[in-house]
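To be precise, the following lines are query-v3.txt, and they hold compact mmCIF, C-alpha atoms.
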# COMPACT_ATOMS: atom_id res chain seq x y z
CA MET K 450 -48.19 -187.98 67.78
CA GLU K 451 -48.52 -185.05 70.11
CA HIS K 452 -46.09 -185.06 73.02
CA ARG K 453 -46.80 -183.07 76.18
CA THR K 454 -44.20 -182.49 78.87
CA GLN K 455 -45.46 -183.53 82.30
CA LEU K 456 -44.28 -181.33 85.18
CA THR K 457 -44.76 -181.67 88.89
CA ARG K 458 -46.87 -178.96 90.55
CA ARG K 459 -43.80 -177.56 92.32
CA GLN K 460 -41.92 -177.32 88.99
CA LEU K 461 -44.89 -175.75 87.28
CA VAL K 462 -45.50 -173.23 90.04
CA GLY K 463 -41.83 -172.30 89.98
CA THR K 464 -41.91 -171.82 86.23
CA GLY K 465 -45.15 -169.88 86.47
CA ALA K 466 -43.71 -167.65 89.20
CA GLY K 467 -40.78 -166.56 87.10
CA LEU K 468 -42.77 -166.06 83.93
CA ALA K 469 -45.75 -164.46 85.61
CA GLY K 470 -43.45 -162.10 87.47
CA ALA K 471 -41.92 -161.06 84.17
CA GLY K 472 -45.41 -160.50 82.80
CA LEU K 473 -46.19 -158.13 85.65
CA ALA K 474 -43.00 -156.19 85.03
CA PHE K 475 -43.98 -155.63 81.41
CA GLY K 476 -47.61 -154.86 82.07
CA MET K 477 -48.71 -158.27 80.76
CA ALA K 478 -48.76 -156.86 77.23
CA HIS K 479 -47.40 -160.15 75.87
CA SER K 480 -48.54 -162.93 78.15
CA PRO K 481 -45.81 -165.38 79.25
CA ALA K 482 -48.49 -167.98 79.93
CA ARG K 483 -48.31 -168.99 76.26
CA ALA K 484 -45.02 -170.65 77.16
CA LEU K 485 -46.95 -172.89 79.59
CA ALA K 486 -49.52 -174.02 77.05
CA THR K 487 -47.91 -177.45 76.60
CA ALA K 488 -47.06 -178.02 80.28
CA CYS K 489 -49.71 -180.03 82.13
CA ALA K 490 -49.59 -180.74 85.84
CA SER K 491 -51.67 -182.45 88.48
CA LEU K 492 -54.97 -180.70 89.06
CA THR K 493 -54.97 -177.96 91.69
CA PRO K 494 -56.59 -179.30 94.89
CA THR K 495 -60.02 -177.98 95.82
CA LYS K 496 -60.90 -176.77 99.31
CA GLU K 497 -64.07 -175.68 101.06
CA VAL K 498 -65.49 -172.22 100.40
CA GLY K 499 -65.63 -171.41 104.12
CA PRO K 500 -68.16 -169.13 105.81
CA TYR K 501 -66.91 -165.73 104.64
CA PHE K 502 -67.60 -165.48 100.90
CA VAL K 503 -69.74 -162.45 100.03
CA GLN K 504 -70.88 -161.68 96.47
CA GLU K 505 -69.61 -158.08 96.37
CA SER K 506 -69.03 -157.86 92.57
CA LEU K 507 -65.95 -155.65 93.06
CA ASN K 508 -63.95 -155.73 89.83
CA ARG K 509 -60.57 -154.41 90.99
CA SER K 510 -56.96 -155.51 91.22
CA ASP K 511 -56.18 -153.51 94.38
CA ILE K 512 -58.32 -155.09 97.08
CA THR K 513 -56.71 -153.32 100.05
CA THR K 514 -59.17 -150.43 100.24
CA ASP K 515 -62.66 -150.06 101.60
CA PRO K 516 -64.66 -148.56 98.67
CA SER K 517 -66.87 -146.52 100.99
CA THR K 518 -63.92 -144.65 102.48
CA GLY K 519 -61.05 -145.16 100.06
CA VAL K 520 -58.85 -146.02 103.05
CA ALA K 521 -56.48 -148.97 102.63
CA VAL K 522 -56.04 -151.60 105.33
CA ALA K 523 -52.59 -151.32 106.88
CA GLY K 524 -50.36 -154.34 106.45
CA VAL K 525 -47.32 -155.79 104.70
CA PRO K 526 -47.82 -155.42 100.90
CA LEU K 527 -48.37 -158.60 98.91
CA ALA K 528 -48.53 -158.68 95.08
CA LEU K 529 -50.12 -161.81 93.61
CA SER K 530 -50.00 -163.10 90.05
CA PHE K 531 -52.12 -166.04 88.92
CA THR K 532 -52.00 -168.13 85.75
CA LEU K 533 -54.97 -170.34 84.84
CA LEU K 534 -54.49 -173.39 82.59
CA ASP K 535 -57.36 -175.36 81.06
CA GLU K 536 -56.37 -179.03 81.20
CA ASP K 537 -59.49 -179.98 79.22
CA ASN K 538 -58.19 -177.92 76.31
CA GLY K 539 -54.56 -178.95 75.89
CA CYS K 540 -53.44 -176.94 78.94
CA LEU K 541 -54.00 -173.69 77.09
CA PRO K 542 -54.36 -170.48 79.12
CA LEU K 543 -57.91 -169.97 80.38
CA GLU K 544 -59.16 -166.56 79.24
CA GLY K 545 -62.20 -164.75 80.62
CA ALA K 546 -62.39 -166.57 83.95
CA GLN K 547 -63.37 -164.60 87.05
CA ILE K 548 -61.07 -164.98 90.07
CA ASP K 549 -62.43 -163.78 93.41
CA LEU K 550 -60.07 -163.33 96.36
CA TRP K 551 -60.92 -162.64 99.99
CA HIS K 552 -59.02 -163.01 103.26
CA ALA K 553 -58.79 -161.80 106.84
CA ALA K 554 -57.24 -158.47 107.81
CA PRO K 555 -54.28 -158.32 110.26
CA SER K 556 -56.95 -158.01 112.97
CA GLY K 557 -58.23 -161.48 112.03
CA LEU K 558 -61.56 -160.09 110.82
CA TYR K 559 -63.26 -160.41 107.43
CA SER K 560 -65.10 -157.46 105.92
CA ASP K 561 -68.88 -157.27 105.43
CA GLU K 562 -69.70 -159.89 108.03
CA ALA K 563 -72.32 -159.11 110.68
CA GLY K 564 -70.76 -161.64 113.05
CA GLU K 565 -67.43 -159.83 112.72
CA GLY K 566 -68.96 -156.39 113.28
CA THR K 567 -67.83 -155.31 109.80
CA SER K 568 -71.12 -155.07 107.90
CA GLY K 569 -71.00 -152.68 104.95
CA ARG K 570 -67.21 -152.61 104.76
CA LYS K 571 -65.62 -154.30 101.74
CA TYR K 572 -61.87 -154.35 102.26
CA LEU K 573 -59.72 -157.29 101.13
CA ARG K 574 -62.29 -158.51 98.62
CA GLY K 575 -62.40 -158.29 94.84
CA TYR K 576 -62.14 -160.10 91.55
CA GLN K 577 -60.27 -159.93 88.25
CA ILE K 578 -60.90 -161.42 84.80
CA THR K 579 -58.07 -163.41 83.24
CA ASP K 580 -56.55 -162.03 80.04
CA ALA K 581 -55.69 -163.90 76.83
CA GLY K 582 -52.69 -165.43 78.60
CA GLY K 583 -54.81 -166.73 81.47
CA LEU K 584 -53.28 -164.13 83.80
CA ALA K 585 -54.72 -162.01 86.60
CA ALA K 586 -52.93 -159.90 89.22
CA PHE K 587 -53.91 -158.55 92.62
CA LYS K 588 -52.49 -156.08 95.09
CA THR K 589 -53.28 -156.95 98.70
CA ILE K 590 -51.57 -157.36 102.08
CA TYR K 591 -50.31 -160.38 104.00
CA PRO K 592 -53.36 -162.02 105.61
CA GLY K 593 -54.11 -162.05 109.31
CA TRP K 594 -54.99 -165.11 111.38
CA TYR K 595 -57.91 -166.25 113.49
CA SER K 596 -58.30 -169.06 115.99
CA GLY K 597 -58.40 -172.59 114.65
CA ARG K 598 -57.07 -171.83 111.16
CA ALA K 599 -53.67 -171.47 109.53
CA VAL K 600 -52.99 -168.28 107.57
CA HIS K 601 -54.77 -168.51 104.21
CA ILE K 602 -56.37 -166.73 101.26
CA HIS K 603 -59.61 -167.88 99.65
CA ALA K 604 -59.79 -168.15 95.86
CA ARG K 605 -62.85 -168.81 93.72
CA ILE K 606 -62.66 -169.24 89.95
CA ARG K 607 -65.83 -169.15 87.89
CA ILE K 608 -66.80 -169.29 84.23
CA PHE K 609 -70.08 -167.67 83.25
CA SER K 610 -72.55 -168.08 80.44
CA GLY K 611 -74.34 -164.76 80.62
CA SER K 612 -75.05 -164.43 84.33
CA THR K 613 -75.06 -168.16 85.08
CA ALA K 614 -71.97 -169.89 86.46
CA THR K 615 -71.11 -172.99 84.44
CA TYR K 616 -67.86 -173.72 86.29
CA ASP K 617 -67.12 -173.03 89.95
CA PHE K 618 -63.72 -173.90 91.44
CA LEU K 619 -62.96 -173.22 95.10
CA THR K 620 -59.71 -173.49 97.02
CA GLN K 621 -57.52 -171.85 99.64
CA LEU K 622 -53.89 -170.74 99.36
CA PHE K 623 -51.44 -171.05 102.24
CA PHE K 624 -48.12 -169.59 103.40
CA ASP K 625 -44.90 -171.02 104.76
CA ASP K 626 -45.04 -170.87 108.57
CA THR K 627 -41.49 -169.53 108.84
CA LEU K 628 -42.34 -166.64 106.53
CA THR K 629 -45.48 -165.91 108.53
CA ASP K 630 -43.46 -165.86 111.74
CA SER K 631 -41.18 -163.25 110.20
CA VAL K 632 -44.02 -161.10 108.85
CA TYR K 633 -45.89 -161.23 112.14
CA THR K 634 -43.01 -159.57 113.99
CA ARG K 635 -44.00 -156.37 112.18
CA ALA K 636 -46.86 -153.96 112.83
CA PRO K 637 -49.82 -154.24 112.79
CA TYR K 638 -49.58 -158.04 113.11
CA SER K 639 -47.28 -157.87 116.14
CA SER K 640 -49.99 -156.29 118.29
CA ARG K 641 -51.83 -159.63 118.48
CA PRO K 642 -50.90 -162.89 120.27
CA ASN K 643 -49.12 -165.67 118.44
CA ARG K 644 -51.45 -167.65 116.18
CA ASP K 645 -52.71 -170.99 117.49
CA THR K 646 -52.71 -173.12 114.32
CA LEU K 647 -49.85 -173.89 111.93
CA ASP K 648 -50.25 -175.39 108.46
CA ALA K 649 -49.75 -179.02 109.51
CA ALA K 650 -52.49 -178.77 112.16
CA ASP K 651 -55.00 -176.95 109.96
CA ARG K 652 -58.06 -179.07 109.15
CA VAL K 653 -58.36 -177.57 105.63
CA TYR K 654 -54.65 -177.76 104.76
CA GLY K 655 -54.76 -181.55 104.84
CA SER K 656 -52.47 -183.93 102.98
CA ASP K 657 -52.34 -181.80 99.82
CA GLY K 658 -51.93 -178.36 101.38
CA ALA K 659 -48.28 -178.14 100.37
CA GLU K 660 -49.48 -177.97 96.75
CA LEU K 661 -51.36 -174.79 97.64
CA GLN K 662 -48.54 -172.91 99.35
CA LEU K 663 -47.63 -169.56 97.83
CA ALA K 664 -43.89 -169.27 97.25
CA ALA K 665 -43.66 -165.64 98.37
CA SER K 666 -40.40 -163.73 98.08
CA ALA K 667 -39.31 -160.26 99.21
CA ASP K 668 -39.91 -157.46 96.70
CA GLY K 669 -37.03 -155.32 97.98
CA ALA K 670 -39.37 -152.62 99.23
CA GLY K 671 -40.68 -154.20 102.43
CA GLY K 672 -43.37 -156.33 100.81
CA TYR K 673 -43.68 -159.68 99.06
CA VAL K 674 -44.57 -161.07 95.65
CA ALA K 675 -45.94 -164.49 94.81
CA ALA K 676 -47.23 -166.29 91.73
CA PHE K 677 -49.34 -169.41 91.42
CA THR K 678 -50.54 -171.57 88.53
CA PHE K 679 -53.99 -173.13 88.68
CA SER K 680 -54.44 -176.34 86.66
CA LEU K 681 -58.17 -176.65 86.12
CA SER K 682 -60.57 -179.18 84.66
CA SER K 683 -64.31 -179.71 84.58
CA SER K 684 -63.61 -182.64 86.90
CA ASN K 685 -62.19 -180.50 89.75
CA GLN K 686 -64.58 -178.03 91.24
CA GLY K 687 -65.14 -176.97 94.82
CA ASP K 688 -68.04 -176.98 97.23
CA SER K 689 -70.14 -174.24 95.65
CA ASP K 690 -72.15 -172.31 98.22
CA GLY K 691 -75.12 -171.45 96.05
CA THR K 692 -74.33 -167.74 95.67
CA SER K 693 -73.11 -167.88 92.08
CA ALA K 694 -76.27 -168.74 90.17
CA THR K 695 -76.68 -165.17 88.92
CA VAL K 696 -74.05 -162.48 89.09
CA SER K 697 -74.39 -158.94 87.77
CA GLY K 698 -71.73 -158.08 85.23
CA ALA K 699 -70.46 -161.65 84.87
CA PRO K 700 -68.05 -162.29 82.00
CA ALA K 701 -69.26 -164.10 78.92
CA THR K 702 -68.36 -167.71 78.19
CA THR K 703 -64.98 -168.14 76.50
CA THR K 704 -63.85 -170.60 73.87
CA GLY K 705 -62.18 -173.66 75.35
CA ALA K 706 -63.30 -172.90 78.89
CA ALA K 707 -63.95 -175.80 81.22
CA THR K 708 -67.69 -176.16 81.76
CA THR K 709 -70.12 -178.23 83.76
CA SER K 710 -73.80 -178.00 84.57
CA THR K 711 -74.79 -175.21 86.92
CA ALA K 712 -74.38 -176.07 90.60
CA THR K 713 -77.53 -176.06 92.71
CA THR K 714 -76.97 -175.75 96.44
CA THR K 715 -78.83 -174.24 99.30
CA ASN K 716 -76.89 -172.26 101.86
CA PRO K 717 -73.57 -170.37 102.22
CA ALA K 718 -72.65 -172.49 105.24
CA THR K 719 -73.03 -175.83 103.48
CA THR K 720 -70.87 -177.95 101.24
CA THR K 721 -72.22 -179.37 98.01
CA ASP K 722 -73.71 -182.87 98.02
CA ALA K 723 -76.31 -183.70 95.39
CA VAL K 724 -77.57 -186.71 97.35
CA VAL K 725 -78.16 -185.62 100.96
CA LEU K 726 -80.77 -182.88 101.16
CA ALA K 727 -79.70 -180.87 104.20
CA SER K 728 -78.49 -177.36 104.99
CA LEU K 729 -77.30 -175.47 108.05
CA LYS K 730 -79.65 -172.53 108.57
CA SER K 731 -78.51 -170.77 111.74
CA VAL K 732 -76.51 -171.03 114.97
CA ARG K 733 -77.11 -169.07 118.18
CA PHE K 734 -76.01 -169.26 121.80
CA THR K 735 -78.02 -168.78 125.00
CA ARG K 736 -77.45 -169.30 128.73
CA THR K 737 -79.49 -171.33 131.19
CA VAL K 738 -80.62 -169.92 134.52
CA LEU K 739 -77.55 -171.50 136.10
CA GLY K 740 -75.25 -169.93 133.54
CA SER K 741 -74.51 -172.91 131.28
CA ARG K 742 -73.83 -172.05 127.63
CA VAL K 743 -76.18 -173.65 125.13
CA MET K 744 -75.73 -173.79 121.35
CA HIS K 745 -78.88 -173.96 119.21
CA VAL K 746 -78.15 -175.31 115.72
CA GLN K 747 -80.96 -175.10 113.19
CA VAL K 748 -80.76 -177.62 110.34
CA LYS K 749 -83.19 -178.04 107.45
CA SER K 750 -83.51 -181.55 106.07
CA GLY K 751 -85.30 -182.58 102.89
CA GLU K 752 -85.25 -186.26 103.80
CA THR K 753 -84.79 -188.59 106.75
CA ALA K 754 -81.25 -188.19 108.05
CA ALA K 755 -79.14 -188.66 111.18
CA LEU K 756 -77.38 -185.53 112.43
CA ASP K 757 -73.99 -185.60 114.17
CA ALA K 758 -72.61 -182.30 115.48
CA ARG K 759 -68.99 -181.57 116.42
CA LEU K 760 -67.18 -178.48 117.63
CA LEU K 761 -63.54 -178.25 116.53
CA ARG K 762 -60.53 -176.01 117.04
CA GLY K 763 -58.00 -176.97 114.43
CA THR K 764 -57.93 -180.76 114.66
CA LYS K 765 -58.93 -180.83 118.35
CA LEU K 766 -62.43 -182.12 119.07
CA MET K 767 -64.10 -179.91 121.69
CA LEU K 768 -67.46 -181.68 121.88
CA ALA K 769 -69.62 -184.15 119.95
CA SER K 770 -73.37 -184.68 119.91
CA ARG K 771 -75.49 -187.20 118.04
CA ARG K 772 -79.20 -186.99 117.28
CA SER K 773 -81.34 -189.89 116.11
CA ALA K 774 -82.64 -189.72 112.57
CA VAL K 775 -84.95 -186.80 111.85
CA ARG K 776 -87.58 -186.55 109.16
CA SER K 777 -87.88 -183.91 106.47
CA GLY K 778 -88.32 -180.44 107.96
CA LEU K 779 -86.64 -177.81 110.13
CA HIS K 780 -84.91 -179.12 113.27
CA THR K 781 -83.00 -177.51 116.14
CA LEU K 782 -80.12 -179.29 117.85
CA THR K 783 -79.72 -178.05 121.43
CA ILE K 784 -76.19 -178.69 122.67
CA THR K 785 -74.77 -177.70 126.06
CA ILE K 786 -71.21 -176.38 125.85
CA PRO K 787 -68.96 -178.07 128.44
CA HIS K 788 -67.30 -175.87 131.04
CA GLY K 789 -63.85 -176.79 129.72
CA VAL K 790 -64.49 -175.33 126.24
CA ALA K 791 -62.84 -171.91 126.14
CA ALA K 792 -64.47 -168.89 124.51
CA GLY K 793 -63.45 -167.89 120.99
CA ARG K 794 -63.76 -169.00 117.42
CA ALA K 795 -64.43 -172.62 116.60
CA THR K 796 -65.68 -174.67 113.68
CA LEU K 797 -69.11 -176.22 113.97
CA GLU K 798 -69.50 -179.29 111.78
CA VAL K 799 -72.81 -181.11 111.36
CA ILE K 800 -72.69 -184.39 109.43
CA ALA K 801 -76.02 -185.32 107.84
CA THR K 802 -76.27 -189.03 106.94
CA ASP K 803 -79.26 -190.27 104.97
CA THR K 804 -80.80 -193.74 105.00
CA SER K 805 -78.53 -194.79 102.10
CA LYS K 806 -75.46 -193.88 104.20
CA ASN K 807 -74.61 -190.88 102.03
CA ARG K 808 -72.91 -188.20 104.16
CA LYS K 809 -72.90 -184.43 103.84
CA PRO K 810 -70.75 -182.16 106.05
CA LEU K 811 -72.21 -178.75 106.95
CA GLN K 812 -69.73 -176.29 108.41
CA LYS K 813 -69.77 -172.83 109.96
CA ILE K 814 -67.33 -170.73 111.98
CA VAL K 815 -68.92 -169.77 115.31
CA GLN K 816 -67.95 -167.56 118.23
CA VAL K 817 -68.28 -169.48 121.50
CA PRO K 818 -69.26 -167.09 124.35
CA LYS K 819 -67.30 -166.83 127.58
CA GLN K 820 -67.98 -169.05 130.53
CA LEU K 821 -69.44 -167.05 133.42
CA GLY K 822 -66.82 -166.24 136.00
CA THR K 823 -63.92 -166.35 133.53
What would you get if you wrote out this structure as structure tokens?
Amino acid sequence: MEHRTQLTRRQLVGTGAGLAGAGLAFGMAHSPARALATACASLTPTKEVGPYFVQESLNRSDITTDPSTGVAVAGVPLALSFTLLDEDNGCLPLEGAQIDLWHAAPSGLYSDEAGEGTSGRKYLRGYQITDAGGLAAFKTIYPGWYSGRAVHIHARIRIFSGSTATYDFLTQLFFDDTLTDSVYTRAPYSSRPNRDTLDAADRVYGSDGAELQLAASADGAGGYVAAFTFSLSSSNQGDSDGTSATVSGAPATTTGAATTSTATTTNPATTTDAVVLASLKSVRFTRTVLGSRVMHVQVKSGETAALDARLLRGTKLMLASRRSAVRSGLHTLTITIPHGVAAGRATLEVIATDTSKNRKPLQKIVQVPKQLGT
């Protein structure tokens, strides 16, 4: 009878960190992940994709530079090593998977986002393909922060058959708050105010966020290194945003890879729900003649559904608005922003509930304009 050692995620990550670090030192010529092939752990938690994924198709390990200029974003160096294990295949290393990473710069901005004023720039984005040992490595910098969120890195792992994604895992990786405090005393991070959201207050971090913390350690040269092991299965995938149906240059399907049917979703701002047919199309702000701020939220529904809108900063509810059930079609929610809601980033969440009580959350980061006279 086959016997498999069961490890906790913390034990597995610790083991993976040491072995993966050794693999980096030796150029990954002989993958240490083979030593993990019999070590299964609890599945890595999934998290929302968020509003800032862009299909750039940048195959590169150093994601610090902007390809158009060749200039690297200034920040504290961070070397990342990832090991992927396929729990549907005896916890063997997962070869040929595509890992995309993206995160905010020390300024708090993401690249190639019109709302951030960074269109056309592609810094701090890129992907790698895992080797025979299930390993991939990245060179980046310590992420910046923005209002309402703890410091994090987005990770997306996909398996392709030709150009079609057959597996799509989404999560976010976090950092110890004490380490972040230390890093943020250094330039260029120190030029900004203290962040407003720690891990425990982050709406995405949740009850399982500790399982997604990167155990970063000093590299002796002013930067940090961290390793993480992803335990994956066809049963744990994220909220695909519909951008992965066809990807130029996608890797071929690999033997033993976890697979599922192709995800079909509608909009980058939505989370996947195969039952409720609704998507968040756009958000804009206007002012009334008297200067009140008004948010116009456009939602497309494919069925009769009730729409509840909320504006959040971290876990703090800034406003809530409910609309009676709407029929299939395009609808605009017009919501007046209270005077007490300060300007800045916030999370808009629209909950669509159909007649069978199925619920689908639609989320988008928005920039609330200033109140006149402030």
Which residues, written as a list in words, have at least one atom at most 12 Å from Gly655 (chain K), with only C-alpha atoms counted and residues fewer than 3 positions away on the same chain left out?
Pro494, Thr495, Lys496, Glu497, Arg598, Ala599, Gln621, Phe623, Leu647, Asp648, Ala649, Ala650, Asp651, Arg652, Gly658, Ala659, Glu660, Leu661, Gln662, Gly763 and Thr764 of chain K
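Nearest-residue note for Phe587 (chain K): choosing from K:Asp511, K:Asp657, K:Glu562, K:Asp617, the minimum distance belongs to K:Asp511, counting all atoms listed in the file.
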Of K:Leu619, K:Val725, K:Ile814, K:Leu533, the one sitting nearest Leu756 (chain K) when using all atoms listed in the file is K:Val725
Taking 2 positions as the minimum chain separation for residues in the same chain, which residues sit within 6 Å of Thr589 (chain K) when counting all atoms listed in the file? Answer as a PyMOL selection string. chain K and resi 512-513+527
For the selection just defined, write its residues with C-alpha atoms to a file, as a short mmCIF file (atom, residue, chain, number, x, y, z; two decimals), in the frame of the given file.
data_model
loop_
_atom_site.label_atom_id
_atom_site.label_comp_id
_atom_site.auth_asym_id
_atom_site.auth_seq_id
_atom_site.Cartn_x
_atom_site.Cartn_y
_atom_site.Cartn_z
CA ILE K 512 -58.32 -155.09 97.08
CA THR K 513 -56.71 -153.32 100.05
CA LEU K 527 -48.37 -158.60 98.91
#
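One distance worth recording is that between CA of Thr802 (chain K) and CA of Ser731 (chain K), which is 19.0 Å.
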- Message: One decimal, in Å: what's the spacing between CA of Ser560 (chain K) and CA of Ser610 (chain K)?
- Response: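 For CA of Ser560 (chain K) relative to CA of Ser610 (chain K), the distance reads 28.6 Å.
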List every protein, DNA or RNA residue with an atom no more than 10 Å from (-82.8, -182.9, 105.8) in the file's coordinates, counting only C-alpha atoms, and format the result as a PyMOL selection string. chain K and resi 725-729+748-756+774-780+801-803
Around (-72.8, -189.9, 115.7), as given in the file, which residues come within 9 Å? Count only C-alpha atoms and list them as a VMD selection string. chain K and resid 755 to 758 769 to 773 800
